[in-house]
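Only one structure is covered here, and it is reproduced in the block below.
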Amino acid sequence: MNSSQRREIETDRRLRLLVGLVVVVAAVVVVVSLPGALLREPPRSVYDVATLTMLTFMIAVGTLVKARIRIRSTTQSISWNETAIVIGAAIMSVHWVVLCTAVGIALASLRLSPIKIAFGVGKNVLVAVGAGTVLDLLDWAWPGQHPLVMLAPLGIAYLVVAVVDDVLAIPVIALASGTQVRRQFRTNLDLRIAGFAVRFVVTACTLAILSVDPRLLLAVPPLVLSLHLAYSTRIRTRTEQHAWQRLARATDALNVVDLDQVLTTAVTEAAELFSADEVEIELRDRRRTVRGNAGGIAYDGAAPEPSTVDGRVMPVALEGHDRAVDLGVLRLRFAGPVELSEREQYTLRTFASALCTAVRNAQAYAELARIADEHAYAATHDALTGLSNRRHLLDEGTEQLTNRHADGVTALVLIDLNHFKEVNDTLGHGAGDRVLTQVADRLRGAARPDDLVARLGGDEFAVLLRGLPAPAIAAHRAEALLAALHEPLDLDGMRISVEASGGIAVAPASGGMPELLRRADVAMYQAKRAGQRIATYAPTRDTADLGRLTLGGELPRAVADHEFTVNFQPIVDLGSGEVIGAEALARWHHPTHGMIDPLRFIEAVERSGLLPAFAEAILDQALIAAGSWRDAGFDLPVSVNVSPRSLLDARFPGAVLARLRAHDLPPDRLVLELTETLTLSQLDVVDRVLSRLRDSGVRLALDDFGTGYSSLSLLSRIPVHELKIDRSFVTAMESTAEAAAVIRSTLDLGRSLDLTVVAEGVESEPQRRALWELGCAAGQGHLFARPLPSGTLLAALQRGAGGRPGALAAPLHDAGAVIRLPGRRTGGGRNRTATPAP
């Protein structure tokens with residue numbers, strides 16, 4: 001006997017005990033009432049007999065006129081018999097009311113089962129006792145009372161009737177339907193209260209009519225019938241409204257992607273929605289049957305067991321709206337004879353269709369998840385050996401080094417098979433693959449459960465050792481791994497010995513997993529060169545640029561901790577000495593090494609994948625500075641260097657424009673300086689990026705112009721606004737004619753293309769004057785200022801030079817004087833202007 005059967009037997013036992021208690025108490029009441037009615041208060045006239053007959057008839061009719069609500073296989077009826085009982089208690093003795101109630105209920109319930117007849121008679125007999133007893137205690141007298149005076153005792157009596165009726169009926173209904181007593185009491189509570197109120201009004205009106213003229217009683221049945229029809233309609237409307245709401249909630253609850261959850265939800269929701277004693281779902285393609293009720297799943301398996309619910313079964317196919325797919329069947333089981341209404345049948349079909357869709361969606365999602373898992377596994381594992389691949393090793397190692405420092409020491413053993421090429425050349429690649437597979441199996445068997453064994457490619461393997469108690473343990477573990485390869489391999493009856501070399505590296509303080517892998521690789525090749533089986537990484541024998549690698553490993557932390565700062569070098573009008581812009585220059589304020597020049601870390605940033613975050617940080621600081629200068633009265637554009645790699649990202653223009661909007665700066669207040677390279681003019685994506693930036697109003701400058709091989713070809717394609725003469729030409733212009741010629745040709749080119757030309761590296765007043773006389777309007781260099789923090793530069797602008805805020809040098813001329821500069825040509829151009837003489 002299973003748990004479900006035991007629960008049903010226990011419920012049936014408790015139900016019989018409760019019904020039996022009510023019947024026994026009612027039987028005692030009837031036995032006590034018989035002598036009181038027949039001996040002490042016998043009918044004394046035909047009128048008394050007619051009244052008793054009429055009361056019995058009214059109770060029977062009130063019992064038959066019902067509003068029914070089905071809960072599972074049990075139907076709850078809301079009848080009018082308590083109205084007749086209260087009227088009887090008001091006009092005759094309690095003994096006769098009890099007897100009339102017993103007879104009337106019994107006559108009206110002849111078609112029901114014996115237990116239902118007994119319970120119906122017993123419950124209503126106790127209701128009659130309650131009504132009569134309350135009226136006797138309140139000194140009720142009939143007739144002779146004024147209609148208004150009788151309302152209070154009659155209301156109390158009716159309240160007692162309502163309470164007694166619910167207290168006796170609701171526990172029995174809850175047990176029979178398998179619902180909680182509290183929940184059953186709350187169900188339709190508002191309708192029950194309204195129904196009792198209406199029936200009380202009918203009772204009061206009836207008694208008032210009888211007190212005035214008994215013949216007016218003929219008007220009561222039509223009124224009662226009308227009220228009953230209205231009340232039944234209200235109950236039916238409420239029931240259907242709740243049913244549609246429950247259907248919406250039930251179908252919405254099916255919108256999950258886990259099949260087990262879909263089936264569990266469907267079983268419990270269907271049991272509630274259709275008041276079924278049991279719900280069963282059979283999926284034919286999965287050969288799976290799920291069965292249960294509102295309390296949960298009772299059975300889930302492939303071979304369906306017989307159901308414990310013996311009664312009506314209502315099946316409905318699980319098929320889509322087009323009926324092209326038949327997944328299985330949904331079955332509702334009821335313990336008794338139940339007929340679904342037309343609305344319930346439509347609801348059942350709708351629910352089954354929604355369940356079919358939910359099952360198909362869950363199955364599709366499961367298939368997609370399976371495929372995704374297969375792809376994820378294939379992306380992180382070696383197809384030949386099933387070991388982790390390089391990508392998985394790097395990911396797992398990075399996670400280990402980042403989040404599990406307290407777990408112990410982490411080390412990496414790199415293993416390379418010696419002379420493996422000879423196996424492939426002699427026996428073929430198929431034999432080589434079998435050798436690799438057996439090596440993988442041995443390494444997997446020799447490794448600890450926490451170790452990660454990977455094949456990096458070819459004949460190279462790696463084992464990540466995690467949670468070591470001390471670094472020295474790594475060497476012992478590596479010896480055990482290589483010892484597993486000592487025994488010869490069996491290859492199609494041949495015995496093949498495999499030799500291997502191993503390198504050991506303990507996790508470094510910085511550099512992360514790539515650095516750990518590099519060190520293990522260095523150690524492995526040290527072992528090969530020394531003719532050893534295993535070597536441990538020794539920094540003294542590592543010829544790599546350790547400083548550069550260390551800085552590269554610290555880049556993620558530097559970006560996250562905002563260690564990159566920006567200094568600004570002003571761009572000055574060479575003639576007036578006034579500041580007309582500033583160039584942003586990145587610096588790394590390292591907590592240990594101090595200020596680091598960009599030449600030492602820019603290349604590492606570009607290779608690390610941190611370029612977008614780094615570029616955004618520098619751009620943000622530059623735009624913040626420009627905004628602070630503008631607020632102080634110095635509306636200066638700011639120039640920011642752009643890596644060529646950023647120009648290969650089609651999302652770069654959008655990111656730049658978003659930062660400009662965030663800082664409320666016009667696009668023309670930003671100048672992006674491009675480094676001259678051979679590849680820029682060869683890539684269409686660069687053309688699109690630069691064109692979008694220029695079209696949006698951002699100004700472009702070509703930095704270090706003249707140092708590359710493609711200057712003129714670049715200008716034909718890149719829509720720049722500004723050229724910057726490299727500092728090397730400015731430094732050499734006084735000593736070599738070639739440098740001066742390059743500067744002069746650059747200025748002529750700028751004039752012809754209407755471009756601004758800025759000279760970099762202006763270190764002295766002679767250089768400044770020479771550039772100005774050649775027609776160069778702007779320059780930057782240590783003559784005016786070294787790179788400064790934004791606040792320091794703002795203070796210098798406010799202080800000014802010679803009492804002129806915004807100037808950093810004295811003018812080269814007196815105001816109002818006009819001279820003709822040597823070497824200048826006539827004609828148009830933005831740099832062709834008359835200049836006041838010094």
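So you can find residues: chains in the structure tokens are A, B, ... in the order shown, residues in each start at 1, and ligands are numbered from 1 in order.
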Give the helix (DSSP H, G or I) residues of stretch 386-634 of chain A, as DSSP finds them on the backbone, and put them as a ChimeraX atom specification.
/A:390-403,405-407,420-427,429-446,473-483,512-530,539-541,546-560,598-600,602-608,611-631
Using only C-alpha atoms, which residues sit within 8 Å of A:Gly104 once same-chain residues fewer than 2 positions away are excluded, as a PyMOL selection string?
chain A and resi 56-60+100-102+106-108
Save out the residues we just selected, all heavy atoms, as an mmCIF file, in the first residue's frame.
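Result written to again19.cif:
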data_model
loop_
_atom_site.group_PDB
_atom_site.id
_atom_site.type_symbol
_atom_site.label_atom_id
_atom_site.label_comp_id
_atom_site.auth_asym_id
_atom_site.auth_seq_id
_atom_site.Cartn_x
_atom_site.Cartn_y
_atom_site.Cartn_z
ATOM 1 N N THR A 56 -43.028 21.427 6.783
ATOM 2 C CA THR A 56 -42.247 20.294 6.260
ATOM 3 C C THR A 56 -42.058 20.438 4.750
ATOM 4 O O THR A 56 -40.965 20.192 4.216
ATOM 5 C CB THR A 56 -42.955 18.973 6.579
ATOM 6 O OG1 THR A 56 -43.169 18.883 7.986
ATOM 7 C CG2 THR A 56 -42.144 17.789 6.092
ATOM 8 N N PHE A 57 -43.130 20.837 4.074
ATOM 9 C CA PHE A 57 -43.054 21.018 2.619
ATOM 10 C C PHE A 57 -42.058 22.128 2.265
ATOM 11 O O PHE A 57 -41.262 21.998 1.335
ATOM 12 C CB PHE A 57 -44.444 21.335 2.080
ATOM 13 C CG PHE A 57 -44.464 21.650 0.618
ATOM 14 C CD1 PHE A 57 -44.320 20.631 -0.327
ATOM 15 C CD2 PHE A 57 -44.613 22.960 0.175
ATOM 16 C CE1 PHE A 57 -44.342 20.927 -1.683
ATOM 17 C CE2 PHE A 57 -44.625 23.254 -1.163
ATOM 18 C CZ PHE A 57 -44.488 22.249 -2.118
ATOM 19 N N MET A 58 -42.115 23.253 3.003
ATOM 20 C CA MET A 58 -41.210 24.364 2.728
ATOM 21 C C MET A 58 -39.750 23.948 2.940
ATOM 22 O O MET A 58 -38.854 24.317 2.159
ATOM 23 C CB MET A 58 -41.538 25.558 3.636
ATOM 24 C CG MET A 58 -42.829 26.285 3.273
ATOM 25 S SD MET A 58 -43.214 27.608 4.442
ATOM 26 C CE MET A 58 -41.770 28.632 4.252
ATOM 27 N N ILE A 59 -39.492 23.184 3.988
ATOM 28 C CA ILE A 59 -38.111 22.726 4.239
ATOM 29 C C ILE A 59 -37.646 21.806 3.117
ATOM 30 O O ILE A 59 -36.506 21.890 2.638
ATOM 31 C CB ILE A 59 -38.019 22.024 5.608
ATOM 32 C CG1 ILE A 59 -38.234 23.047 6.726
ATOM 33 C CG2 ILE A 59 -36.684 21.330 5.774
ATOM 34 C CD1 ILE A 59 -38.328 22.429 8.113
ATOM 35 N N ALA A 60 -38.527 20.918 2.652
ATOM 36 C CA ALA A 60 -38.166 20.006 1.565
ATOM 37 C C ALA A 60 -37.897 20.774 0.287
ATOM 38 O O ALA A 60 -36.906 20.531 -0.431
ATOM 39 C CB ALA A 60 -39.278 18.973 1.363
ATOM 40 N N CYS A 100 -40.076 18.362 11.945
ATOM 41 C CA CYS A 100 -40.391 18.749 10.560
ATOM 42 C C CYS A 100 -39.120 18.836 9.715
ATOM 43 O O CYS A 100 -39.111 18.464 8.532
ATOM 44 C CB CYS A 100 -41.129 20.084 10.546
ATOM 45 S SG CYS A 100 -42.802 20.018 11.230
ATOM 46 N N THR A 101 -38.058 19.355 10.327
ATOM 47 C CA THR A 101 -36.782 19.460 9.597
ATOM 48 C C THR A 101 -36.272 18.074 9.220
ATOM 49 O O THR A 101 -35.850 17.835 8.082
ATOM 50 C CB THR A 101 -35.743 20.200 10.453
ATOM 51 O OG1 THR A 101 -36.211 21.518 10.727
ATOM 52 C CG2 THR A 101 -34.405 20.254 9.747
ATOM 53 N N ALA A 102 -36.315 17.134 10.166
ATOM 54 C CA ALA A 102 -35.825 15.779 9.893
ATOM 55 C C ALA A 102 -36.626 15.133 8.771
ATOM 56 O O ALA A 102 -36.063 14.536 7.838
ATOM 57 C CB ALA A 102 -35.881 14.934 11.160
ATOM 58 N N ALA A 106 -35.174 14.570 4.875
ATOM 59 C CA ALA A 106 -35.122 13.173 4.445
ATOM 60 C C ALA A 106 -35.896 12.978 3.152
ATOM 61 O O ALA A 106 -35.452 12.274 2.229
ATOM 62 C CB ALA A 106 -35.663 12.274 5.547
ATOM 63 N N LEU A 107 -37.094 13.591 3.044
ATOM 64 C CA LEU A 107 -37.883 13.452 1.828
ATOM 65 C C LEU A 107 -37.173 14.074 0.623
ATOM 66 O O LEU A 107 -37.234 13.536 -0.489
ATOM 67 C CB LEU A 107 -39.260 14.113 2.028
ATOM 68 C CG LEU A 107 -40.210 13.412 3.021
ATOM 69 C CD1 LEU A 107 -41.462 14.250 3.214
ATOM 70 C CD2 LEU A 107 -40.566 12.012 2.513
ATOM 71 N N ALA A 108 -36.505 15.200 0.829
ATOM 72 C CA ALA A 108 -35.847 15.878 -0.292
ATOM 73 C C ALA A 108 -34.557 15.195 -0.714
ATOM 74 O O ALA A 108 -34.036 15.472 -1.807
ATOM 75 C CB ALA A 108 -35.551 17.336 0.088
#
Computed interatomic separation between atom CA of A:Val689 and atom CA of A:Leu657 (Å)
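Computing it gives 12.0 Å between the two atoms.
Close contacts of A:Ala584, defined as residues with an atom at most 6 Å away when counting only C-alpha atoms, with chain neighbours fewer than 6 positions off set aside, comprise Asn567, Phe568, Ser639 and Val640 of chain A.
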Residues of stretch 494-576 of chain A classed as strand (DSSP E or B) by DSSP on the backbone are to be reported as a list in words.
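Across stretch 494-576 of chain A, those assigned strand (DSSP E or B) are Met494, Arg495, Ile496, Glu499, Ala500, Ser501, Gly502, Gly503, Ile504, Ala505, Val506, Ile534, Ala535, Thr536, Phe564, Thr565, Val566, Asn567, Phe568, Gln569, Pro570, Ile571, Val572 and Asp573 of chain A.
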Between A:Ala118, A:Ala204, A:Leu417, A:Val329, which has the minimum distance to A:Ala84 (counting only C-alpha atoms)?
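Checking each candidate against A:Ala84, we get A:Ala204 as the closest.
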Please measure the separation of atom CA of A:Leu794 and atom CA of A:Val698, giving the value in Å to one decimal.
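Distance reported for this atom pair: 23.3 Å.
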